[in-house]
2 protein chains.
Amino acid sequence: MMNKKGMLIVYSGPSGVGKGTLMAPYLKAHPEAVLSVSMTTRAPRPGETDGVAYYFVTRERFEQEIAQNGLLEYAQYSGNYYGTPRAMVEERIAQGQDVVLEIEVQGAMKIKKTFPDAVFIFVLPPSFEVLEQRLTGRGTEPPEVVAKRLAAAKAELHSASLYDYIIVNDEVGRAGERLEAVICAAKCQTKYMKNLIDKVSE
Amino acid sequence: MMNKKGMLIVYSGPSGVGKGTLMAPYLKAHPEAVLSVSMTTRAPRPGETDGVAYYFVTRERFEQEIAQNGLLEYAQYSGNYYGTPRAMVEERIAQGQDVVLEIEVQGAMKIKKTFPDAVFIFVLPPSFEVLEQRLTGRGTEPPEVVAKRLAAAKAELHSASLYDYIIVNDEVGRAGERLEAVICAAKCQTKYMKNLIDKVSE
C-alpha cells in the first residue's frame with residue numbers, strides 16, 4: 001500500500017518444539033521476510049554450517065561485539081552466548097523487509113523493551129509429554145544434555161504468557177497456517193494503521 | 001483442541017465499505033461462525049427480508065426489549081434504533097460457536113465494556129474518495145440521505161483506532177484473506193491460551 005518499514009518478528013519456543021519446521025515454509029512463501037542469523041559461542045552440531053543457522057564465534061569475539069554495541073540483544077543460555085547482530089536487522093527493517101528473530105526468552109524480553117512494535121510469537125507443544133518425546137527421540141545428544149534441555153524447556157514454557165501470540169504445534173500443517181495468519185494479522189493491528197486512519201478520516 | 005467457548009467478533013466499518021461482501025465468504029467457509037441478526041426500527045430497503053439482515057420492528061417493540069434487558073447493546077443512528085438481541089449471542093458462544101456482530105461504533109464501544117474478550121475488527125476504505133464513490137454509486141437513496149451517510153461515515157472512520165484490527169478493503173480478495181487471518185490469529189492471542197500454557201508448563 002505504501003513504502004513502509006518492515007516488521008520485527010520475535011519467534012521463540014522451547015528446543016524441540018518445531019520452530020524451524022514451521023517457519024521454513026513461511027519464509028519460502030514470503031521473500032519479503034528474512035531470518036536473522038544469530039551469533040553464538042556454542043559448538044556447531046553435526047551438519048550445521050557457519051552463517052546459516054548461526055555465526056559460530058569464540059567467546060573473545062562475542063565479547064568484542066558486546067563491547068562495540070554490535071548486538072541488539074544477547075543472553076547466556078546453557079553456558080553459551082547467543083546474540084543478534086544489530087546492523088542487518090536495522091537495515092532490513094528500514095528497507096521494508098520483515099526480519100524474524102528466532103531467539104530465547106531472555107533475549108526476546110530485551111527486544112520487547114527496545115522494539116515495542118515488534119510482534120512476539122511463541123510456539124507451544126500440545127503437551128509437555130510431546131516435547132519430551134521429541135527431545136529424547138532426537139538421539140544426537142547424551143542423556144544429561146537432554147535432561148538439561150528439558151529443564152530449560154520447562155523454564156521457557158513458563159514465559160509463553162509474555163508473548164503476543166501462541167502457536168500450538170499440534171499438527172504441522174495447521175500450526176503453519178496459524179503462523180501465517182498471525183503474521184498477516186499482526187500487520188493489521190491498529191497500532192500500525194494510525195497513518196492510514198488519519199489519512200482516510202481527515 | 002478442547003471444548004471451549006466461542007469468540008465474539010465485533011465487526012464495524014462505515015456504510016458502503018464492503019463489510020458484508022468481505023464477511024460472506026468467511027461465514028460460508030466457517031460453519032462454526034454465525035452472524036448475529038440485529039434488531040432495528042429503520043425501514044427495510046428493497047429486497048431486505050425480515051430476520052435475514054435485520055429483524056425489523058416498531059419503536060414500541062424495540063423499547064420493550066430495552067426495558068426487559070433483552071439487548072446486549074443498542075444505539076440510535078440516523079434517527080433509528082439498532083440493537084443486538086442478547087439471548088442468541090450468549091447461547092451460541094456458550095456452545096462454542098463464534099458470533100459475528102456487524103454493528104455501529106457506538107454499539108461496539110458498549111460491547112467493549114461488557115465483553116472485554118471480544119475481538120474488534122474495523123473495515124477501512126483505502127481512501128475516503130473510494131468510499132464516496134461507492135456510496136454515491138449505489139443509487140438507491142436520495143442525495144440528502146447519501147450526504148448524511150457520508151457525514152456519518154466520516155464520524156465512524158475517526159473511531160477506527162478504538163478497534164484491535166483494521167482490514168483495508170483495497171481489493172476484495174486480499175481483504176478477505178486479511179479478515180480470515182485476523183480471526184484465526186485472534187484465537188492465537190495469548191490471553192485465550194492461559195489454560196493451555198498453565199497445563200503445558202506445570
# chains A, B, ... in the order shown; residues from 1 in each chain; ligands from 1
>>> closest_atom_pairs(of="region 12-91 of chain B", to="region 125-129 of chain B", cutoff="9 Å", atoms="only C-alpha atoms", output="JSON lines")
{"residue": "B:Gly13", "atom": "CA", "partner": "B:Pro125", "partner_atom": "CA", "distance": 8.7}
{"residue": "B:Pro14", "atom": "CA", "partner": "B:Pro125", "partner_atom": "CA", "distance": 8.6}
{"residue": "B:Val17", "atom": "CA", "partner": "B:Pro125", "partner_atom": "CA", "distance": 5.9}
{"residue": "B:Gly18", "atom": "CA", "partner": "B:Pro125", "partner_atom": "CA", "distance": 8.5}
>>> write_last_selection(atoms="C-alpha atoms", output="PDB file, in the first residue's frame")
ATOM      1  CA  GLY B  13     -16.951  -0.015   9.303  1.00  0.00           C
ATOM      2  CA  PRO B  14     -18.732   2.786   7.523  1.00  0.00           C
ATOM      3  CA  VAL B  17     -17.090  -0.044   2.787  1.00  0.00           C
ATOM      4  CA  GLY B  18     -17.943  -3.630   1.876  1.00  0.00           C
TER       5      GLY B  18
END
>>> residues_around(residues="Tyr55 (chain A)", least_positions_apart="5", cutoff="7 Å", atoms="only C-alpha atoms", output="ChimeraX atom specification")
/A:37-40,50
>>> residues_around(residues="Ala53 (chain A)", least_positions_apart="2", cutoff="12 Å", atoms="only C-alpha atoms", output="list in words")
Gly20, Ala24, Leu35, Ser36, Val37, Ser38, Met39, Thr40, Arg42, Pro44, Arg45, Gly47, Glu48, Thr49, Asp50, Gly51, Tyr55, Phe56, Tyr82, Leu101, Glu102 and Ile103 of chain A
>>> closest_residue(among="B:Lys187, B:His30, B:His158, B:Arg61", to="chain A", atoms="only C-alpha atoms")
B:His158
>>> residues_around(residues="region 140-157 of chain B", least_positions_apart="4", cutoff="10 Å", atoms="only C-alpha atoms", output="list of chain:residue names")
A:Ile197, A:Asp198, A:Val200, A:Ser201, A:Glu202, B:Ser12, B:Gly13, B:Pro14, B:Ser15, B:Gly16, B:Val17, B:Arg45, B:Pro46, B:Tyr77, B:Ser78, B:Glu104, B:Val105, B:Gln106, B:Phe122, B:Val123, B:Leu124, B:Pro125, B:Phe128, B:Leu131, B:Glu132, B:Leu135, B:Thr136, B:Ser161
>>> select_by_dssp(residues="region 80-199 of chain B", states="helix (DSSP H, G or I)", output="VMD selection string")
chain B and resid 86 to 94 105 to 114 128 to 137 143 to 157 160 to 162 172 to 186 190 to 192 194 to 199
>>> select_by_dssp(residues="chain A", states="strand (DSSP E or B)", output="ChimeraX atom specification")
/A:8-12,33-35,38-40,50,54-56,71-77,80-85,98-102,119-124,165-168,189
>>> residues_around(residues="Ala108 (chain B)", least_positions_apart="5", cutoff="12 Å", atoms="only C-alpha atoms", output="VMD selection string")
chain B and resid 8 to 13 72 to 75 82 to 84 100 to 103 113 to 116 118 to 122 156 159 to 160 162 to 164
>>> write_last_selection(atoms="C-alpha atoms", output="short mmCIF file (atom, residue, chain, number, x, y, z; two decimals), in the first residue's frame")
data_model
loop_
_atom_site.label_atom_id
_atom_site.label_comp_id
_atom_site.auth_asym_id
_atom_site.auth_seq_id
_atom_site.Cartn_x
_atom_site.Cartn_y
_atom_site.Cartn_z
CA LEU B 8 -17.37 -12.75 19.97
CA ILE B 9 -16.29 -10.91 16.83
CA VAL B 10 -17.33 -7.26 16.72
CA TYR B 11 -17.20 -6.09 13.13
CA SER B 12 -17.67 -2.47 12.07
CA GLY B 13 -16.95 -0.02 9.30
CA LEU B 72 -26.72 -6.69 24.53
CA GLU B 73 -26.25 -3.18 23.18
CA TYR B 74 -28.30 -0.68 21.28
CA ALA B 75 -27.74 2.72 19.77
CA TYR B 82 -30.25 -0.62 16.17
CA GLY B 83 -29.61 -3.34 18.74
CA THR B 84 -28.30 -6.84 19.36
CA VAL B 100 -20.13 -12.02 14.46
CA LEU B 101 -21.78 -8.73 15.44
CA GLU B 102 -21.86 -6.35 12.49
CA ILE B 103 -22.65 -3.19 14.42
CA LYS B 113 -17.12 -2.71 28.25
CA THR B 114 -19.20 -5.87 28.77
CA PHE B 115 -17.18 -8.34 26.62
CA PRO B 116 -13.52 -7.38 27.02
CA ALA B 118 -14.27 -9.93 22.13
CA VAL B 119 -12.11 -9.15 19.10
CA PHE B 120 -12.80 -5.78 17.48
CA ILE B 121 -12.34 -5.51 13.70
CA PHE B 122 -12.87 -2.37 11.62
CA GLU B 156 -17.23 6.39 12.13
CA SER B 159 -13.29 5.72 15.69
CA ALA B 160 -11.31 3.09 13.79
CA LEU B 162 -10.55 2.09 19.03
CA TYR B 163 -10.58 -1.34 17.36
CA ASP B 164 -7.99 -4.13 17.61
#
>>> atom_distance(atom1="CA of Lys191 (chain A)", atom2="CA of Lys112 (chain A)")
15.5 Å
>>> atom_distance(atom1="CA of Ile166 (chain A)", atom2="CA of Gly79 (chain A)")
27.4 Å
>>> atom_distance(atom1="CA of Asn80 (chain B)", atom2="CA of Arg92 (chain B)")
26.9 Å
>>> closest_residue(among="B:Met193, B:Ala43, B:Met88, B:Ala29", to="chain A", atoms="only C-alpha atoms")
B:Met193
>>> closest_residue(among="A:Tyr165, A:Arg59, A:Leu196, A:Glu171", to="chain B", atoms="only C-alpha atoms")
A:Tyr165
